[in-house]
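Participant: Structure below; questions to follow.
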Amino acid sequence: MAKIAIDPITRIEGHMRIEAQVEGGKVTEAWSSGTMWRGIELILKGRDPRECWAFVSRI
Amino acid sequence: MENAVGSVIPDNARIIRNIMNAIQFVQDHSVHFYALHALDWVDVVSALKADPAKTSELNQSIALDTPKTWKTSPQYFGNVQKKVKALAESGQLGHFSSGYWGHPEYKLPPEANLMAVAHYLEALDFQRDSIRIQVLLGGKNPHPQTWLVGGMAIPIDPNSQNAINANTISFLQDLARPALDFVKTVYVPDLLAIASFYKDWASIGAGCGNFLSYGEFQNDNTSNTTNTWLPAGFIRNRNLAKVEPVDHAKVTEDVARAWYKYSDGDSKAKHPWEGETNPNYTGPKPPYEFLETEKKYSWCKAIRYDGLSTEVGPLARMLVAYASGHKQVKDAVDMALKKLGVGPEALFSTLGRTAARGLETLVTVDMLPVWINQLAQNMHRGDFRIHNGDKWEPSSWPKEAKGYGYHEAPRGALCHWVVIKDGKVANYQCVVPGGWNTSPRDAKGQPGPLEAALKGTPVKDPNRPLEILRTIHSFDPCMSCAIHIVDSNHDEIVKVRAL
């Protein structure tokens with residue numbers, strides 16, 4: 001029985017971590033964690049809605 | 001925004017958006033298959049043992065029913081092999097370093113490995129060239145600059161050098177042709193050839209079994225139309241006999257297991273119009289060995305459809321289209337199933353997810369010339385309209401308005417919800433494909449799609465978890481990039497000099 005963590009996971013976009021419980025040569029449980037905070041929603045509050053596209057297209 | 005204020009875009013804006021998104025699908029999927037996913041299946045070091053003459057024979061034997069125009073000679077493969085050998089002997093594998101080379105789960109013969117490595121390198125050139133379609137229409141890639149509420153900010157004028165004119169059309173056509181060639185003679189044949197050695201992966205990585213597509217490539221100009229080339233739909237519990245219509249009101253997010261705080265309780269499933277974004281990190285202080293996975297453990301909220309963990313992306317779109325009887329998708333999927341000798345149930349897997357992405361590229365690349373011609377025909381008729389300014393001025397908006405915008409990004413269902421009050425954004429929530437697929441457990445403890453898919457994945461060597469990477473990468477996760485270089489001490493991170 002082993003718990004493993006893969007962090008950072010490469011060849012994806014952004015930052016992600018996987019923790020997995022491995023038993024008998026198989027994953028029995030897995031947890032997926034986004035390790036990056038985005039917060040674009042907060043930048044947009046109070047802005048002119050016509051300019052949102054220029055911010056959100058950066059996601 | 002267009003949905004909130006009732007703006008209807010002109011036909012040319014719709015067509016240009018379709019073209020830009022179609023080439024984005026083609027380029028993004030090709031990049032994913034070769035640069036991000038292939039090395040989970042392809043052993044680069046084994047390619048050194050290949051016979052270039054046999055590699056050439058293999059490559060010529062796997063073409064689809066289209067003329068083969070790609071480089072396939074023994075000399076070509078011999079040269080690629082020399083290049084990789086020089087890298088290996090220098091001790092600096094560059095972007096091939098740190099792979100799990102020699103892992104017993106790599107199953108391709110050396111010739112297939114050499115073919116795939118050659119095409120990995122070709123794909124780097126292809127992705128640069130093909131995306132010029134988006135650059136022509138969007139100014140740059142990524143993050144094209146010509147979006148505009150009510151249409152597009154790129155003029156059409158046959159008499160101007162600085163607008164979309166007949167030259168642009170012919171340029172677009174010249175770029176679409178090699179894209180079609182690459183997909184039909186390189187990407188999809190490689191995909192099917194590689195898949196034939198990994199059929200055991202058609203029963204691994206099934207996931208949650210619920211699939212959502214908002215539909216994409218609009219056939220008419222109203223926002224969130226259900227009249228799309230790739231259909232919208234929801235598939236529940238792998239039931240391909242029934243495709244349910246999509247209702248955006250059924251999309252919710254809870255933060256029971258995510259590092260956020262809701263004003264009325266973290267377990268409450270909130271529709272995005274009522275959504276909140278209050279960061280609240282409660283995890284361990286780094287450096288740590290493991291997260292507290294029994295509590296909160298992610299910056300991704302738990303996105304659910306009708307309360308259910310739901311997968312989005314090319315597999316979801318292909319399943320919804322297949323189950324809806326979409327002719328092109330049905331033909332492509334049936335062709336692949338027949339070539340691999342498997343039934344539709346094989347689609348619910350890591351292999352199915354990866355295959356669906358290639359098949360979607362195959363059907364989408366065929367539509368590029370169709371939409372480019374539609375644009376040319378409109379111009380021929382003298383229709384140069386690109387923007388509808390009727391709802392541009394805030395004085396034309398209601399005091400309060402709510403909107404949502406369905407879109408299918410290459411990685412899957414994407415919708416933004418906006419609440420506008422007195423001409424300003426009162427609330428905005430982006431519910432993105434990576435968020436759906438990599439979402440954590442929810443208030444009921446239901447795992448997210450990737451978490452569910454990893455359950456049961458074999459791991460031969462926990463120190464080299466190649467199999468786990470296969471299933472992760474099959475989702476093409478995008479954890480939302482770009483604005484994340486933050487340094488609270490205001491130290492200089494990078495200096496850019498504009499010349």
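All residue names refer to the structure tokens as shown: chains lettered A, B, ... in order, residues numbered from 1 in each chain, ligands numbered from 1 in order.
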Find the residues around B:Pro449 up to 10 Å (only C-alpha atoms counted), leave out those fewer than 3 positions away in its own chain, and share them as a list of chain:residue names.
Facilitator: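 Returned residues: A:Ser32, B:Gly205, B:Ala206, B:Gly207, B:Cys208, B:Gly209, B:Asn210, B:Phe211, B:Leu308, B:Ser309, B:Thr310, B:Glu311, B:Val312, B:Trp436, B:Asn437, B:Thr438, B:Ser439, B:Pro440, B:Arg441, B:Gln446, B:Ala452, B:Ala453, B:Leu454, B:Phe475.
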Participant: DSSP on the backbone: which residues in chain A end up as alpha helix (DSSP H)? Give the answer as a VMD selection string.
Facilitator: chain A and resid 40 to 44 52 to 56
Participant: Counting only C-alpha atoms, what is within 10 Å of stretch 42-58 of chain A, bar same-chain residues fewer than 5 positions away, as a ChimeraX atom specification?
Facilitator: /B:1-2,142-150,276-278,392-394,416,418-430,480-483
Participant: Please identify which residues in stretch 233-351 of chain B DSSP calls strand (DSSP E) from the backbone, and express them as a PyMOL selection string.
Facilitator: chain B and resi 233-235+251-254+302-305
Participant: For the residues in that selection, give me N, CA, C and O atoms as a PDB file, in the first residue's frame.
Facilitator:
```pdb
ATOM      1  N   GLY B 233     -25.855  18.528 -25.872  1.00  0.00           N
ATOM      2  CA  GLY B 233     -26.587  17.437 -25.245  1.00  0.00           C
ATOM      3  C   GLY B 233     -25.926  16.959 -23.975  1.00  0.00           C
ATOM      4  O   GLY B 233     -24.769  17.279 -23.702  1.00  0.00           O
ATOM      5  N   PHE B 234     -26.709  16.217 -23.190  1.00  0.00           N
ATOM      6  CA  PHE B 234     -26.196  15.625 -21.952  1.00  0.00           C
ATOM      7  C   PHE B 234     -26.470  14.130 -22.005  1.00  0.00           C
ATOM      8  O   PHE B 234     -27.583  13.712 -22.318  1.00  0.00           O
ATOM      9  N   ILE B 235     -25.425  13.347 -21.757  1.00  0.00           N
ATOM     10  CA  ILE B 235     -25.576  11.880 -21.712  1.00  0.00           C
ATOM     11  C   ILE B 235     -25.389  11.441 -20.268  1.00  0.00           C
ATOM     12  O   ILE B 235     -24.391  11.770 -19.635  1.00  0.00           O
ATOM     13  N   VAL B 251     -26.366  23.782 -14.061  1.00  0.00           N
ATOM     14  CA  VAL B 251     -24.926  23.852 -13.743  1.00  0.00           C
ATOM     15  C   VAL B 251     -24.764  24.511 -12.373  1.00  0.00           C
ATOM     16  O   VAL B 251     -25.299  25.603 -12.140  1.00  0.00           O
ATOM     17  N   THR B 252     -24.050  23.818 -11.480  1.00  0.00           N
ATOM     18  CA  THR B 252     -23.805  24.390 -10.150  1.00  0.00           C
ATOM     19  C   THR B 252     -22.361  24.135  -9.722  1.00  0.00           C
ATOM     20  O   THR B 252     -21.683  23.283 -10.284  1.00  0.00           O
ATOM     21  N   GLU B 253     -21.932  24.922  -8.722  1.00  0.00           N
ATOM     22  CA  GLU B 253     -20.609  24.707  -8.135  1.00  0.00           C
ATOM     23  C   GLU B 253     -20.746  24.723  -6.617  1.00  0.00           C
ATOM     24  O   GLU B 253     -21.439  25.593  -6.075  1.00  0.00           O
ATOM     25  N   ASP B 254     -20.069  23.755  -5.951  1.00  0.00           N
ATOM     26  CA  ASP B 254     -19.954  23.878  -4.492  1.00  0.00           C
ATOM     27  C   ASP B 254     -18.483  23.883  -4.106  1.00  0.00           C
ATOM     28  O   ASP B 254     -17.620  23.535  -4.913  1.00  0.00           O
ATOM     29  N   ALA B 302     -16.115  22.306  -7.220  1.00  0.00           N
ATOM     30  CA  ALA B 302     -16.764  21.081  -7.717  1.00  0.00           C
ATOM     31  C   ALA B 302     -17.931  21.495  -8.625  1.00  0.00           C
ATOM     32  O   ALA B 302     -18.981  21.909  -8.145  1.00  0.00           O
ATOM     33  N   ILE B 303     -17.707  21.411  -9.932  1.00  0.00           N
ATOM     34  CA  ILE B 303     -18.739  21.780 -10.907  1.00  0.00           C
ATOM     35  C   ILE B 303     -19.589  20.540 -11.168  1.00  0.00           C
ATOM     36  O   ILE B 303     -19.057  19.454 -11.397  1.00  0.00           O
ATOM     37  N   ARG B 304     -20.898  20.703 -11.154  1.00  0.00           N
ATOM     38  CA  ARG B 304     -21.778  19.560 -11.376  1.00  0.00           C
ATOM     39  C   ARG B 304     -22.906  19.933 -12.330  1.00  0.00           C
ATOM     40  O   ARG B 304     -23.319  21.103 -12.391  1.00  0.00           O
ATOM     41  N   TYR B 305     -23.404  18.933 -13.094  1.00  0.00           N
ATOM     42  CA  TYR B 305     -24.588  19.138 -13.945  1.00  0.00           C
ATOM     43  C   TYR B 305     -25.707  18.273 -13.379  1.00  0.00           C
ATOM     44  O   TYR B 305     -25.547  17.055 -13.268  1.00  0.00           O
TER      45      TYR B 305
END
```
Participant: May I have the residues within 9 Å of A:Ile6 as number ranges by chain, using only C-alpha atoms and disregarding those fewer than 3 positions away in the same chain?
Facilitator: A: 9, 16-20; B: 465
Participant: Find the residues near B:Pro110: any atom within 10 Å, counting only C-alpha atoms, skip ones fewer than 3 places away on the same chain, and give them as a PDB file with N, CA and C atoms, in the first residue's frame.
Facilitator:
```pdb
ATOM      1  N   VAL B  42       4.764   6.427 -26.497  1.00  0.00           N
ATOM      2  CA  VAL B  42       5.876   6.275 -27.432  1.00  0.00           C
ATOM      3  C   VAL B  42       7.191   6.336 -26.663  1.00  0.00           C
ATOM      4  N   ASP B  43       8.035   5.305 -26.828  1.00  0.00           N
ATOM      5  CA  ASP B  43       9.336   5.284 -26.152  1.00  0.00           C
ATOM      6  C   ASP B  43      10.382   5.859 -27.117  1.00  0.00           C
ATOM      7  N   VAL B  44      10.820   7.076 -26.820  1.00  0.00           N
ATOM      8  CA  VAL B  44      11.738   7.786 -27.716  1.00  0.00           C
ATOM      9  C   VAL B  44      13.053   7.022 -27.878  1.00  0.00           C
ATOM     10  N   VAL B  45      13.553   6.472 -26.778  1.00  0.00           N
ATOM     11  CA  VAL B  45      14.858   5.801 -26.828  1.00  0.00           C
ATOM     12  C   VAL B  45      14.778   4.529 -27.678  1.00  0.00           C
ATOM     13  N   SER B  46      13.622   3.852 -27.628  1.00  0.00           N
ATOM     14  CA  SER B  46      13.441   2.636 -28.439  1.00  0.00           C
ATOM     15  C   SER B  46      13.516   2.942 -29.937  1.00  0.00           C
ATOM     16  N   ALA B  47      13.177   4.182 -30.309  1.00  0.00           N
ATOM     17  CA  ALA B  47      13.207   4.569 -31.737  1.00  0.00           C
ATOM     18  C   ALA B  47      14.608   4.421 -32.326  1.00  0.00           C
ATOM     19  N   LEU B  48      15.626   4.449 -31.457  1.00  0.00           N
ATOM     20  CA  LEU B  48      17.008   4.328 -31.939  1.00  0.00           C
ATOM     21  C   LEU B  48      17.286   2.937 -32.510  1.00  0.00           C
ATOM     22  N   LYS B  49      16.464   1.965 -32.090  1.00  0.00           N
ATOM     23  CA  LYS B  49      16.683   0.583 -32.547  1.00  0.00           C
ATOM     24  C   LYS B  49      15.914   0.258 -33.830  1.00  0.00           C
ATOM     25  N   ALA B  50      15.158   1.233 -34.346  1.00  0.00           N
ATOM     26  CA  ALA B  50      14.268   0.955 -35.485  1.00  0.00           C
ATOM     27  C   ALA B  50      15.034   0.825 -36.796  1.00  0.00           C
ATOM     28  N   ASP B  51      14.439   0.068 -37.710  1.00  0.00           N
ATOM     29  CA  ASP B  51      14.961  -0.026 -39.072  1.00  0.00           C
ATOM     30  C   ASP B  51      14.212   1.022 -39.918  1.00  0.00           C
ATOM     31  N   PRO B  52      14.912   2.034 -40.445  1.00  0.00           N
ATOM     32  CA  PRO B  52      14.225   3.109 -41.179  1.00  0.00           C
ATOM     33  C   PRO B  52      13.426   2.601 -42.384  1.00  0.00           C
ATOM     34  N   LYS B  54      11.873  -0.324 -42.659  1.00  0.00           N
ATOM     35  CA  LYS B  54      10.619  -0.921 -42.163  1.00  0.00           C
ATOM     36  C   LYS B  54       9.685   0.161 -41.628  1.00  0.00           C
ATOM     37  N   THR B  55      10.257   1.237 -41.071  1.00  0.00           N
ATOM     38  CA  THR B  55       9.436   2.347 -40.584  1.00  0.00           C
ATOM     39  C   THR B  55       8.697   2.983 -41.762  1.00  0.00           C
ATOM     40  N   LYS B 107       4.605  -0.375 -25.355  1.00  0.00           N
ATOM     41  CA  LYS B 107       4.346  -1.589 -26.126  1.00  0.00           C
ATOM     42  C   LYS B 107       4.629  -1.462 -27.627  1.00  0.00           C
ATOM     43  N   ASN B 113       7.701   3.531 -32.880  1.00  0.00           N
ATOM     44  CA  ASN B 113       8.254   4.597 -32.043  1.00  0.00           C
ATOM     45  C   ASN B 113       8.988   5.639 -32.894  1.00  0.00           C
ATOM     46  N   LEU B 114       9.769   5.167 -33.875  1.00  0.00           N
ATOM     47  CA  LEU B 114      10.508   6.110 -34.725  1.00  0.00           C
ATOM     48  C   LEU B 114       9.542   6.964 -35.559  1.00  0.00           C
ATOM     49  N   MET B 115       8.498   6.316 -36.090  1.00  0.00           N
ATOM     50  CA  MET B 115       7.507   7.056 -36.879  1.00  0.00           C
ATOM     51  C   MET B 115       6.867   8.160 -36.021  1.00  0.00           C
ATOM     52  N   ALA B 116       6.497   7.800 -34.809  1.00  0.00           N
ATOM     53  CA  ALA B 116       5.831   8.771 -33.941  1.00  0.00           C
ATOM     54  C   ALA B 116       6.780   9.893 -33.525  1.00  0.00           C
TER      55      ALA B 116
END
```
Participant: Contacts of B:Ala346 at 10 Å or less, counting only C-alpha atoms, minus same-chain residues fewer than 2 places along, as a list in words?
Facilitator: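 Counting only the stated atoms, we get Lys199, Asp200, Trp201, Ala202, Ser203, Ile204, Ala206, Leu337, Leu340, Gly341, Val342, Gly343, Pro344, Phe348, Ser349, Thr350, Leu351, Gly352 and Arg353 of chain B.
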Participant: Using the selection just defined, write its residues with all heavy atoms as a short mmCIF file (atom, residue, chain, number, x, y, z; two decimals), in the first residue's frame.
Facilitator:
```cif
data_model
loop_
_atom_site.label_atom_id
_atom_site.label_comp_id
_atom_site.auth_asym_id
_atom_site.auth_seq_id
_atom_site.Cartn_x
_atom_site.Cartn_y
_atom_site.Cartn_z
N LYS B 199 -4.88 -1.69 -26.98
CA LYS B 199 -6.33 -1.89 -26.87
C LYS B 199 -6.77 -2.20 -25.44
O LYS B 199 -7.94 -2.03 -25.12
CB LYS B 199 -6.76 -3.00 -27.82
CG LYS B 199 -6.82 -2.52 -29.27
CD LYS B 199 -7.61 -3.47 -30.11
CE LYS B 199 -6.88 -3.75 -31.40
NZ LYS B 199 -7.49 -4.86 -32.14
N ASP B 200 -5.82 -2.65 -24.59
CA ASP B 200 -6.21 -2.88 -23.19
C ASP B 200 -6.65 -1.57 -22.52
O ASP B 200 -7.42 -1.59 -21.56
CB ASP B 200 -5.06 -3.53 -22.40
CG ASP B 200 -3.71 -2.86 -22.63
OD1 ASP B 200 -3.52 -2.26 -23.71
OD2 ASP B 200 -2.85 -2.92 -21.72
N TRP B 201 -6.20 -0.43 -23.09
CA TRP B 201 -6.59 0.86 -22.51
C TRP B 201 -8.00 1.27 -22.91
O TRP B 201 -8.48 2.34 -22.52
CB TRP B 201 -5.56 1.93 -22.86
CG TRP B 201 -4.37 1.75 -21.98
CD1 TRP B 201 -3.33 0.87 -22.17
CD2 TRP B 201 -4.13 2.38 -20.72
NE1 TRP B 201 -2.46 0.93 -21.11
CE2 TRP B 201 -2.91 1.85 -20.20
CE3 TRP B 201 -4.81 3.34 -19.97
CZ2 TRP B 201 -2.39 2.26 -18.97
CZ3 TRP B 201 -4.27 3.75 -18.76
CH2 TRP B 201 -3.08 3.22 -18.27
N ALA B 202 -8.69 0.42 -23.68
CA ALA B 202 -10.10 0.67 -23.99
C ALA B 202 -11.00 0.21 -22.84
O ALA B 202 -12.21 0.42 -22.88
CB ALA B 202 -10.49 -0.05 -25.28
N SER B 203 -10.39 -0.43 -21.83
CA SER B 203 -11.21 -0.79 -20.66
C SER B 203 -10.62 -0.22 -19.38
O SER B 203 -10.89 -0.69 -18.29
CB SER B 203 -11.35 -2.31 -20.57
OG SER B 203 -10.07 -2.92 -20.61
N ILE B 204 -9.80 0.83 -19.51
CA ILE B 204 -9.21 1.50 -18.35
C ILE B 204 -9.58 2.99 -18.42
O ILE B 204 -9.60 3.57 -19.51
CB ILE B 204 -7.66 1.35 -18.35
CG1 ILE B 204 -7.27 -0.13 -18.27
CG2 ILE B 204 -7.02 2.15 -17.21
CD1 ILE B 204 -5.79 -0.40 -18.53
N ALA B 206 -12.47 4.69 -17.37
CA ALA B 206 -13.82 4.99 -17.84
C ALA B 206 -14.36 6.33 -17.32
O ALA B 206 -15.03 7.06 -18.04
CB ALA B 206 -14.78 3.87 -17.45
N LEU B 337 -13.68 2.52 -34.89
CA LEU B 337 -14.06 1.32 -34.13
C LEU B 337 -13.80 0.07 -34.97
O LEU B 337 -13.30 -0.94 -34.49
CB LEU B 337 -15.53 1.38 -33.71
CG LEU B 337 -15.92 2.48 -32.70
CD1 LEU B 337 -17.42 2.46 -32.44
CD2 LEU B 337 -15.15 2.34 -31.39
N LEU B 340 -10.09 -0.71 -35.33
CA LEU B 340 -9.51 -1.25 -34.09
C LEU B 340 -10.20 -2.55 -33.67
O LEU B 340 -9.75 -3.22 -32.74
CB LEU B 340 -9.59 -0.21 -32.98
CG LEU B 340 -8.73 1.04 -33.18
CD1 LEU B 340 -9.02 2.08 -32.10
CD2 LEU B 340 -7.24 0.70 -33.19
N GLY B 341 -11.32 -2.87 -34.33
CA GLY B 341 -12.04 -4.10 -33.98
C GLY B 341 -12.67 -4.07 -32.60
O GLY B 341 -12.65 -5.07 -31.88
N VAL B 342 -13.21 -2.90 -32.21
CA VAL B 342 -13.86 -2.79 -30.90
C VAL B 342 -15.25 -2.17 -31.07
O VAL B 342 -15.56 -1.58 -32.12
CB VAL B 342 -13.03 -1.91 -29.92
CG1 VAL B 342 -11.72 -2.59 -29.56
CG2 VAL B 342 -12.77 -0.53 -30.51
N GLY B 343 -16.08 -2.30 -30.05
CA GLY B 343 -17.43 -1.74 -30.09
C GLY B 343 -17.49 -0.36 -29.45
O GLY B 343 -16.49 0.10 -28.89
N PRO B 344 -18.66 0.32 -29.54
CA PRO B 344 -18.79 1.68 -28.99
C PRO B 344 -18.48 1.76 -27.49
O PRO B 344 -18.07 2.82 -27.02
CB PRO B 344 -20.26 2.05 -29.24
CG PRO B 344 -20.75 1.09 -30.26
CD PRO B 344 -19.91 -0.15 -30.17
N PHE B 348 -15.69 4.61 -23.80
CA PHE B 348 -15.70 5.06 -22.40
C PHE B 348 -14.40 4.62 -21.73
O PHE B 348 -14.38 3.70 -20.91
CB PHE B 348 -16.90 4.46 -21.65
CG PHE B 348 -18.22 4.81 -22.28
CD1 PHE B 348 -18.99 3.84 -22.92
CD2 PHE B 348 -18.70 6.11 -22.25
CE1 PHE B 348 -20.20 4.16 -23.49
CE2 PHE B 348 -19.92 6.44 -22.82
CZ PHE B 348 -20.67 5.47 -23.45
N SER B 349 -13.31 5.27 -22.09
CA SER B 349 -12.00 4.82 -21.58
C SER B 349 -10.94 5.87 -21.87
O SER B 349 -11.17 6.85 -22.58
CB SER B 349 -11.60 3.53 -22.29
OG SER B 349 -11.34 3.80 -23.66
N THR B 350 -9.76 5.62 -21.32
CA THR B 350 -8.61 6.49 -21.61
C THR B 350 -8.33 6.49 -23.12
O THR B 350 -8.13 7.55 -23.72
CB THR B 350 -7.39 5.99 -20.81
OG1 THR B 350 -7.68 6.16 -19.42
CG2 THR B 350 -6.13 6.75 -21.16
N LEU B 351 -8.33 5.30 -23.72
CA LEU B 351 -8.07 5.21 -25.16
C LEU B 351 -9.18 5.92 -25.95
O LEU B 351 -8.91 6.63 -26.92
CB LEU B 351 -7.99 3.74 -25.58
CG LEU B 351 -7.54 3.47 -27.02
CD1 LEU B 351 -6.10 3.90 -27.23
CD2 LEU B 351 -7.70 1.99 -27.36
N GLY B 352 -10.42 5.74 -25.52
CA GLY B 352 -11.56 6.37 -26.20
C GLY B 352 -11.48 7.88 -26.18
O GLY B 352 -11.78 8.57 -27.15
N ARG B 353 -11.01 8.42 -25.05
CA ARG B 353 -10.88 9.87 -24.88
C ARG B 353 -9.83 10.41 -25.86
O ARG B 353 -10.03 11.44 -26.50
CB ARG B 353 -10.46 10.13 -23.43
CG ARG B 353 -10.92 11.41 -22.84
CD ARG B 353 -10.66 11.41 -21.34
NE ARG B 353 -11.69 10.71 -20.61
CZ ARG B 353 -11.46 9.66 -19.81
NH1 ARG B 353 -10.25 9.21 -19.58
NH2 ARG B 353 -12.48 9.08 -19.20
#
```
Participant: I'd like to know which of B:Ala355, B:Ala413, B:Ile156, B:Ile15 is closest to B:Val246, using only C-alpha atoms.
Facilitator: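 Comparing B:Ala355, B:Ala413, B:Ile156, B:Ile15 against B:Val246, the winner is B:Ala413.
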Participant: Which residues, written as a PDB file with all heavy atoms, in the first residue's frame, have at least one atom at most 9 Å from B:Asn18, with only C-alpha atoms counted and residues fewer than 5 positions away on the same chain left out?
Facilitator:
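Wrote around13.pdb, looks like this:
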```pdb
ATOM      1  N   ALA B  13     -19.568  37.637 -38.846  1.00  0.00           N
ATOM      2  CA  ALA B  13     -18.928  37.482 -37.535  1.00  0.00           C
ATOM      3  C   ALA B  13     -19.069  36.034 -37.066  1.00  0.00           C
ATOM      4  O   ALA B  13     -18.124  35.438 -36.536  1.00  0.00           O
ATOM      5  CB  ALA B  13     -19.552  38.437 -36.525  1.00  0.00           C
ATOM      6  N   ILE B  23      -9.898  26.100 -36.441  1.00  0.00           N
ATOM      7  CA  ILE B  23      -8.445  25.921 -36.541  1.00  0.00           C
ATOM      8  C   ILE B  23      -7.847  25.771 -35.142  1.00  0.00           C
ATOM      9  O   ILE B  23      -6.849  25.073 -34.959  1.00  0.00           O
ATOM     10  CB  ILE B  23      -7.756  27.060 -37.352  1.00  0.00           C
ATOM     11  CG1 ILE B  23      -6.339  26.616 -37.736  1.00  0.00           C
ATOM     12  CG2 ILE B  23      -7.738  28.371 -36.612  1.00  0.00           C
ATOM     13  CD1 ILE B  23      -6.230  25.409 -38.616  1.00  0.00           C
ATOM     14  N   GLU B 216     -21.382  23.439 -30.630  1.00  0.00           N
ATOM     15  CA  GLU B 216     -20.440  24.455 -31.113  1.00  0.00           C
ATOM     16  C   GLU B 216     -20.501  24.560 -32.629  1.00  0.00           C
ATOM     17  O   GLU B 216     -20.989  23.660 -33.298  1.00  0.00           O
ATOM     18  CB  GLU B 216     -19.022  24.099 -30.646  1.00  0.00           C
ATOM     19  CG  GLU B 216     -17.954  25.112 -31.015  1.00  0.00           C
ATOM     20  CD  GLU B 216     -18.262  26.527 -30.580  1.00  0.00           C
ATOM     21  OE1 GLU B 216     -18.346  26.797 -29.394  1.00  0.00           O
ATOM     22  OE2 GLU B 216     -18.428  27.402 -31.462  1.00  0.00           O
ATOM     23  N   PHE B 217     -20.013  25.679 -33.123  1.00  0.00           N
ATOM     24  CA  PHE B 217     -20.018  26.044 -34.544  1.00  0.00           C
ATOM     25  C   PHE B 217     -21.455  26.376 -34.954  1.00  0.00           C
ATOM     26  O   PHE B 217     -22.181  25.540 -35.496  1.00  0.00           O
ATOM     27  CB  PHE B 217     -19.394  24.945 -35.419  1.00  0.00           C
ATOM     28  CG  PHE B 217     -17.990  24.597 -35.009  1.00  0.00           C
ATOM     29  CD1 PHE B 217     -17.699  23.383 -34.414  1.00  0.00           C
ATOM     30  CD2 PHE B 217     -16.955  25.512 -35.179  1.00  0.00           C
ATOM     31  CE1 PHE B 217     -16.402  23.078 -34.013  1.00  0.00           C
ATOM     32  CE2 PHE B 217     -15.652  25.207 -34.780  1.00  0.00           C
ATOM     33  CZ  PHE B 217     -15.385  23.987 -34.204  1.00  0.00           C
ATOM     34  N   GLN B 218     -21.833  27.595 -34.661  1.00  0.00           N
ATOM     35  CA  GLN B 218     -23.217  28.037 -34.852  1.00  0.00           C
ATOM     36  C   GLN B 218     -23.598  28.065 -36.329  1.00  0.00           C
ATOM     37  O   GLN B 218     -22.839  28.543 -37.159  1.00  0.00           O
ATOM     38  CB  GLN B 218     -23.393  29.443 -34.257  1.00  0.00           C
ATOM     39  CG  GLN B 218     -23.276  29.465 -32.762  1.00  0.00           C
ATOM     40  CD  GLN B 218     -23.733  30.769 -32.129  1.00  0.00           C
ATOM     41  OE1 GLN B 218     -23.401  31.028 -30.991  1.00  0.00           O
ATOM     42  NE2 GLN B 218     -24.500  31.583 -32.849  1.00  0.00           N
ATOM     43  N   LEU B 368     -13.337  23.442 -42.366  1.00  0.00           N
ATOM     44  CA  LEU B 368     -12.637  24.711 -42.570  1.00  0.00           C
ATOM     45  C   LEU B 368     -12.905  25.304 -43.947  1.00  0.00           C
ATOM     46  O   LEU B 368     -13.337  26.464 -44.055  1.00  0.00           O
ATOM     47  CB  LEU B 368     -11.133  24.513 -42.367  1.00  0.00           C
ATOM     48  CG  LEU B 368     -10.576  24.796 -40.978  1.00  0.00           C
ATOM     49  CD1 LEU B 368      -9.129  24.354 -40.915  1.00  0.00           C
ATOM     50  CD2 LEU B 368     -10.705  26.266 -40.623  1.00  0.00           C
ATOM     51  N   TRP B 371     -16.528  26.759 -44.269  1.00  0.00           N
ATOM     52  CA  TRP B 371     -16.794  28.073 -43.668  1.00  0.00           C
ATOM     53  C   TRP B 371     -16.025  29.179 -44.392  1.00  0.00           C
ATOM     54  O   TRP B 371     -16.525  30.301 -44.509  1.00  0.00           O
ATOM     55  CB  TRP B 371     -16.491  28.039 -42.162  1.00  0.00           C
ATOM     56  CG  TRP B 371     -17.512  27.256 -41.385  1.00  0.00           C
ATOM     57  CD1 TRP B 371     -18.875  27.355 -41.518  1.00  0.00           C
ATOM     58  CD2 TRP B 371     -17.289  26.246 -40.396  1.00  0.00           C
ATOM     59  NE1 TRP B 371     -19.499  26.476 -40.662  1.00  0.00           N
ATOM     60  CE2 TRP B 371     -18.559  25.789 -39.953  1.00  0.00           C
ATOM     61  CE3 TRP B 371     -16.149  25.695 -39.812  1.00  0.00           C
ATOM     62  CZ2 TRP B 371     -18.710  24.797 -38.976  1.00  0.00           C
ATOM     63  CZ3 TRP B 371     -16.299  24.715 -38.830  1.00  0.00           C
ATOM     64  CH2 TRP B 371     -17.558  24.278 -38.430  1.00  0.00           C
TER      65      TRP B 371
END
```
Participant: Suppose you want the space between atom CA of B:Gly358 and atom CA of B:Pro433; what is it in Å?
Facilitator: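 Separating atom CA of B:Gly358 from atom CA of B:Pro433 is a distance of 17.9 Å.
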Participant: Given only C-alpha atoms as the basis, pick out the residue of B:Val26, B:Leu319, B:Lys85, B:Ser263 nearest to B:Asp334.
Facilitator: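 Nearest to B:Asp334: B:Leu319.
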Participant: What is the distance between atom CA of B:Gly403 and atom CA of B:Cys415, in Å to one decimal?
Facilitator: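 Rounded to one decimal, the two atoms are 10.2 Å apart.
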Participant: Would you please work out which residue, of B:His387, B:Arg128, B:Arg470, B:Arg464, is nearest to B:Ala153 when using only C-alpha atoms?
Facilitator: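 Distance minimum relative to B:Ala153 lands on B:His387.
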Participant: Have a look at atom CA of B:Trp259 and atom CA of B:Lys285 and let me know their distance in Å, one decimal.
Facilitator: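 These two atoms are separated by 13.5 Å.
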Participant: For chain A, which residue among B:Glu57, B:Asp181, B:Glu289, B:Asp390 is the nearest when counting only C-alpha atoms?
Facilitator: B:Glu289
